[in-house]
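Q: Before I ask anything, here is the structure I am working with.
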Amino acid sequence: MTAVLGVGLLALIAVSALALVRTDDVTCQTMALSFYGLLLALMFFVFRAPDVALAQITVGAIALPLMVMLAITRMKHREARRRKEKEPS
Amino acid sequence: MKFPADYPYFVAAWILLCGLYGIVRSKHLVHMVISLTVVQSSTYVLLLAIGFRRGGYAPVFAGLHTGARVVDPIVQALMLTDVVVETTVVALLLAMVVKAYEKGGTTSPDDLRFLRG
Amino acid sequence: MKRSHRLWLFAVGALGMGFVYCAGARNLPPWGQYRGPYGDAIAQLAVYERHTTDTVNAVTYDYRGFDTLGEEFILFSAVTGVMLLLRPEKQDSGGKRDEKGGNPASFRDRAALSETVQMFTTAIFGFAVIFGIYMATHGQLTPGGGFQGGVILAAAPMLLYIAENTEAFQRIVSHPLVEFLEGAGAAGYALIGMAALAMGAAFLTNVIPLGTTGDVFSSGTIAAISACVGVEVAAGFTLIIFEYLREILSQKKNEEP
């Protein structure tokens, strides 16, 4: 049972890794990253590593996408401000 | 079903190459950082495959007799460190990306020519 | 270098790397047949030696504690680096931004937040905090530990931000105590190691009484270090989140009156 599940899960991870790096739009990629993190967490659960699975859930599904979104938001915010400063002149 | 002997090692190599491919074809610095996390995730697959044992239990002895056959806890501790370091690296790199954008007005790795010594 | 040249160069390198890797992976133990003696030794000894049921955390915070101390300071210096890079510069803080109205925050879609979301996210804030504390203090018994609990604790204020309770969010993340706690968590880890030195043992020896296996206050320094790491990680991530959002938050404050 573990073997079937493990082989299938690893194949899914391999496919989604390729899909993740081939996604060019960064906002879409953040959501894909979250999904990829959850897949990795599932892999840790299946292969008897509950500690790492918990760390991977908190990091891969919360912390990393959160930080990426915050960075993107800040850059967009800067862009909006720059455009606003340019407009009146 | 038997466990295919070398399968996870090849998956690890595939994920590593996928991440590197993402870094090479990257057009956006944030895309590059995410590709780097993919590169790092290949080490999880490798370490997990090395420490795994057929029919082994998780190395948590709450409600498990102490003589039970468990999977390797040491590689799991290594993976835990790996996950933590990945997060800090991403936090620092994203701060650098934000700063590069604010100073140079670009997020493309090809346009980082304004960076000098 | 042109893009296509770069991809070709990568293809050559990847082929070479794949070849060498396959040659190397052939002699690894087959999947599912773990050979090494160290994992088995730790799994058998940790419960007796350290009175902990989670051997992974015994390895992380005790047997390999010095390594984790270094990792803690990687986190610490990364947070310092983020703060240095993202702190507001002088010319930015001038009176430029509050000179006119309009909606400069147009980067955020202004869809109205439904009351259900608002209520629910505020309600689970308390549960998230309690769960984070539980996770950080029970690392020696069940899967979890300081790092996981710390990240959950740091993510809890973000629920308030999602619920658009920006004032409460800002009060929490910009509190001066957060910076203090980050330093205190990192220092606490080092001080627990030093306490062993003061008692004549080697650095990071488990000198605190071990207690009963299965008890919350068991396993000596493992539980203490796990709690310190939890404090440090929670404070560190809160600082990172605040540094990313500082500019946006200050602008919102100027807009509102």
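The chains in the structure tokens are called A, B, ... from first to last as shown; in each chain the residues are counted from 1, and the ligands are counted from 1 in the order shown.
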I'd like the neighbourhood of Val68 in chain A as a PDB file with N, CA and C atoms, in the first residue's frame, where a residue qualifies if any of its atoms comes within 9 Å (using only C-alpha atoms), though same-chain residues fewer than 2 positions away should be ignored.

A:
ATOM      1  N   VAL A  26       4.017  35.285 -11.765  1.00  0.00           N
ATOM      2  CA  VAL A  26       4.518  35.038 -10.425  1.00  0.00           C
ATOM      3  C   VAL A  26       3.397  34.806  -9.423  1.00  0.00           C
ATOM      4  N   THR A  27       2.272  35.505  -9.606  1.00  0.00           N
ATOM      5  CA  THR A  27       1.173  35.319  -8.649  1.00  0.00           C
ATOM      6  C   THR A  27       0.594  33.916  -8.749  1.00  0.00           C
ATOM      7  N   THR A  30       2.860  31.504  -7.062  1.00  0.00           N
ATOM      8  CA  THR A  30       2.781  31.431  -5.603  1.00  0.00           C
ATOM      9  C   THR A  30       1.755  30.405  -5.166  1.00  0.00           C
ATOM     10  N   ALA A  63       4.271  29.944   5.321  1.00  0.00           N
ATOM     11  CA  ALA A  63       5.320  30.966   5.397  1.00  0.00           C
ATOM     12  C   ALA A  63       5.853  31.376   4.026  1.00  0.00           C
ATOM     13  N   LEU A  64       6.191  30.389   3.177  1.00  0.00           N
ATOM     14  CA  LEU A  64       6.786  30.752   1.890  1.00  0.00           C
ATOM     15  C   LEU A  64       5.824  31.529   0.996  1.00  0.00           C
ATOM     16  N   PRO A  65       4.589  31.020   0.743  1.00  0.00           N
ATOM     17  CA  PRO A  65       3.681  31.801  -0.100  1.00  0.00           C
ATOM     18  C   PRO A  65       3.375  33.167   0.501  1.00  0.00           C
ATOM     19  N   LEU A  66       3.297  33.214   1.856  1.00  0.00           N
ATOM     20  CA  LEU A  66       3.027  34.497   2.510  1.00  0.00           C
ATOM     21  C   LEU A  66       4.136  35.488   2.206  1.00  0.00           C
ATOM     22  N   LEU A  70       3.862  38.902   0.083  1.00  0.00           N
ATOM     23  CA  LEU A  70       4.200  40.187   0.680  1.00  0.00           C
ATOM     24  C   LEU A  70       5.220  40.932  -0.175  1.00  0.00           C
ATOM     25  N   ALA A  71       6.219  40.188  -0.688  1.00  0.00           N
ATOM     26  CA  ALA A  71       7.231  40.832  -1.520  1.00  0.00           C
ATOM     27  C   ALA A  71       6.591  41.378  -2.798  1.00  0.00           C
ATOM     28  N   ILE A  72       5.713  40.591  -3.429  1.00  0.00           N
ATOM     29  CA  ILE A  72       5.057  41.048  -4.661  1.00  0.00           C
ATOM     30  C   ILE A  72       4.199  42.274  -4.363  1.00  0.00           C
ATOM     31  N   THR A  73       3.454  42.206  -3.240  1.00  0.00           N
ATOM     32  CA  THR A  73       2.601  43.341  -2.877  1.00  0.00           C
ATOM     33  C   THR A  73       3.430  44.597  -2.694  1.00  0.00           C
TER      34      THR A  73
ATOM     35  N   VAL B  30      11.575  36.845  -8.634  1.00  0.00           N
ATOM     36  CA  VAL B  30      10.802  36.043  -7.687  1.00  0.00           C
ATOM     37  C   VAL B  30      10.650  34.616  -8.206  1.00  0.00           C
ATOM     38  N   ILE B  34      11.703  31.078  -6.307  1.00  0.00           N
ATOM     39  CA  ILE B  34      10.836  29.906  -6.162  1.00  0.00           C
ATOM     40  C   ILE B  34      11.499  28.687  -6.787  1.00  0.00           C
ATOM     41  N   VAL B  90      14.980  32.072   1.718  1.00  0.00           N
ATOM     42  CA  VAL B  90      13.973  32.709   0.859  1.00  0.00           C
ATOM     43  C   VAL B  90      13.635  34.107   1.386  1.00  0.00           C
ATOM     44  N   ALA B  91      13.522  34.244   2.726  1.00  0.00           N
ATOM     45  CA  ALA B  91      13.212  35.566   3.280  1.00  0.00           C
ATOM     46  C   ALA B  91      14.273  36.575   2.894  1.00  0.00           C
ATOM     47  N   LEU B  94      14.240  37.293  -0.944  1.00  0.00           N
ATOM     48  CA  LEU B  94      13.122  38.134  -1.371  1.00  0.00           C
ATOM     49  C   LEU B  94      13.344  39.578  -0.957  1.00  0.00           C
TER      50      LEU B  94
END

Q: Residues within 8 Å of range 40-46 of chain A, please, as a ChimeraX atom specification. Count only C-alpha atoms; anything in the same chain fewer than 4 positions from it doesn't count.

A: /A:2,5-6,9-10,13,36,50,52-54,56-57 /B:48

Q: Any chance you could export the current selection's C-alpha atoms as an mmCIF file, in the first residue's frame?

A:
data_model
loop_
_atom_site.group_PDB
_atom_site.id
_atom_site.type_symbol
_atom_site.label_atom_id
_atom_site.label_comp_id
_atom_site.auth_asym_id
_atom_site.auth_seq_id
_atom_site.Cartn_x
_atom_site.Cartn_y
_atom_site.Cartn_z
ATOM 1 C CA THR A 2 2.736 2.422 1.006
ATOM 2 C CA LEU A 5 0.995 5.480 -2.689
ATOM 3 C CA GLY A 6 4.663 6.464 -2.514
ATOM 4 C CA LEU A 9 3.034 10.596 -4.972
ATOM 5 C CA LEU A 10 6.641 10.897 -6.102
ATOM 6 C CA ILE A 13 5.731 15.645 -7.201
ATOM 7 C CA TYR A 36 3.687 21.874 -4.191
ATOM 8 C CA PRO A 50 5.460 13.486 10.880
ATOM 9 C CA VAL A 52 9.070 17.203 8.984
ATOM 10 C CA ALA A 53 5.562 17.032 7.570
ATOM 11 C CA LEU A 54 4.371 19.548 10.164
ATOM 12 C CA GLN A 56 6.684 21.512 5.722
ATOM 13 C CA ILE A 57 2.995 22.364 6.138
ATOM 14 C CA LEU B 48 13.737 10.657 2.877
#

Q: So that I can check the surroundings of Val45 in chain B, please list as a ChimeraX atom specification every protein, DNA and RNA residue that reaches within 8 Å of it, counting only C-alpha atoms and ignoring chain neighbours fewer than 2 positions away.

A: /B:8-9,11-12,41-43,47-49

Q: How many Å separate CA of Gln148 in chain C from CA of Thr53 in chain C?

A: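 Result for CA of Gln148 in chain C versus CA of Thr53 in chain C: 17.4 Å, one decimal.
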
Q: Using only C-alpha atoms, which residues sit within 12 Å of Lys99 in chain B once same-chain residues fewer than 6 positions away are excluded, as a ChimeraX atom specification?

A: /A:71-72,74-75,78 /B:29,92-93,105-107,112,115 /C:81-89,244

Q: Using only C-alpha atoms, find which residues of chain C lie within 8 Å of chain B and jot them down as a PyMOL selection string.

A: chain C and resi 3+6-7+10+14+18+21-22+25-26+28-34+38-40+42-44+47+53-57+59-60+68+71+74-75+78-79+81-82+85-86+141-143+147+214+240
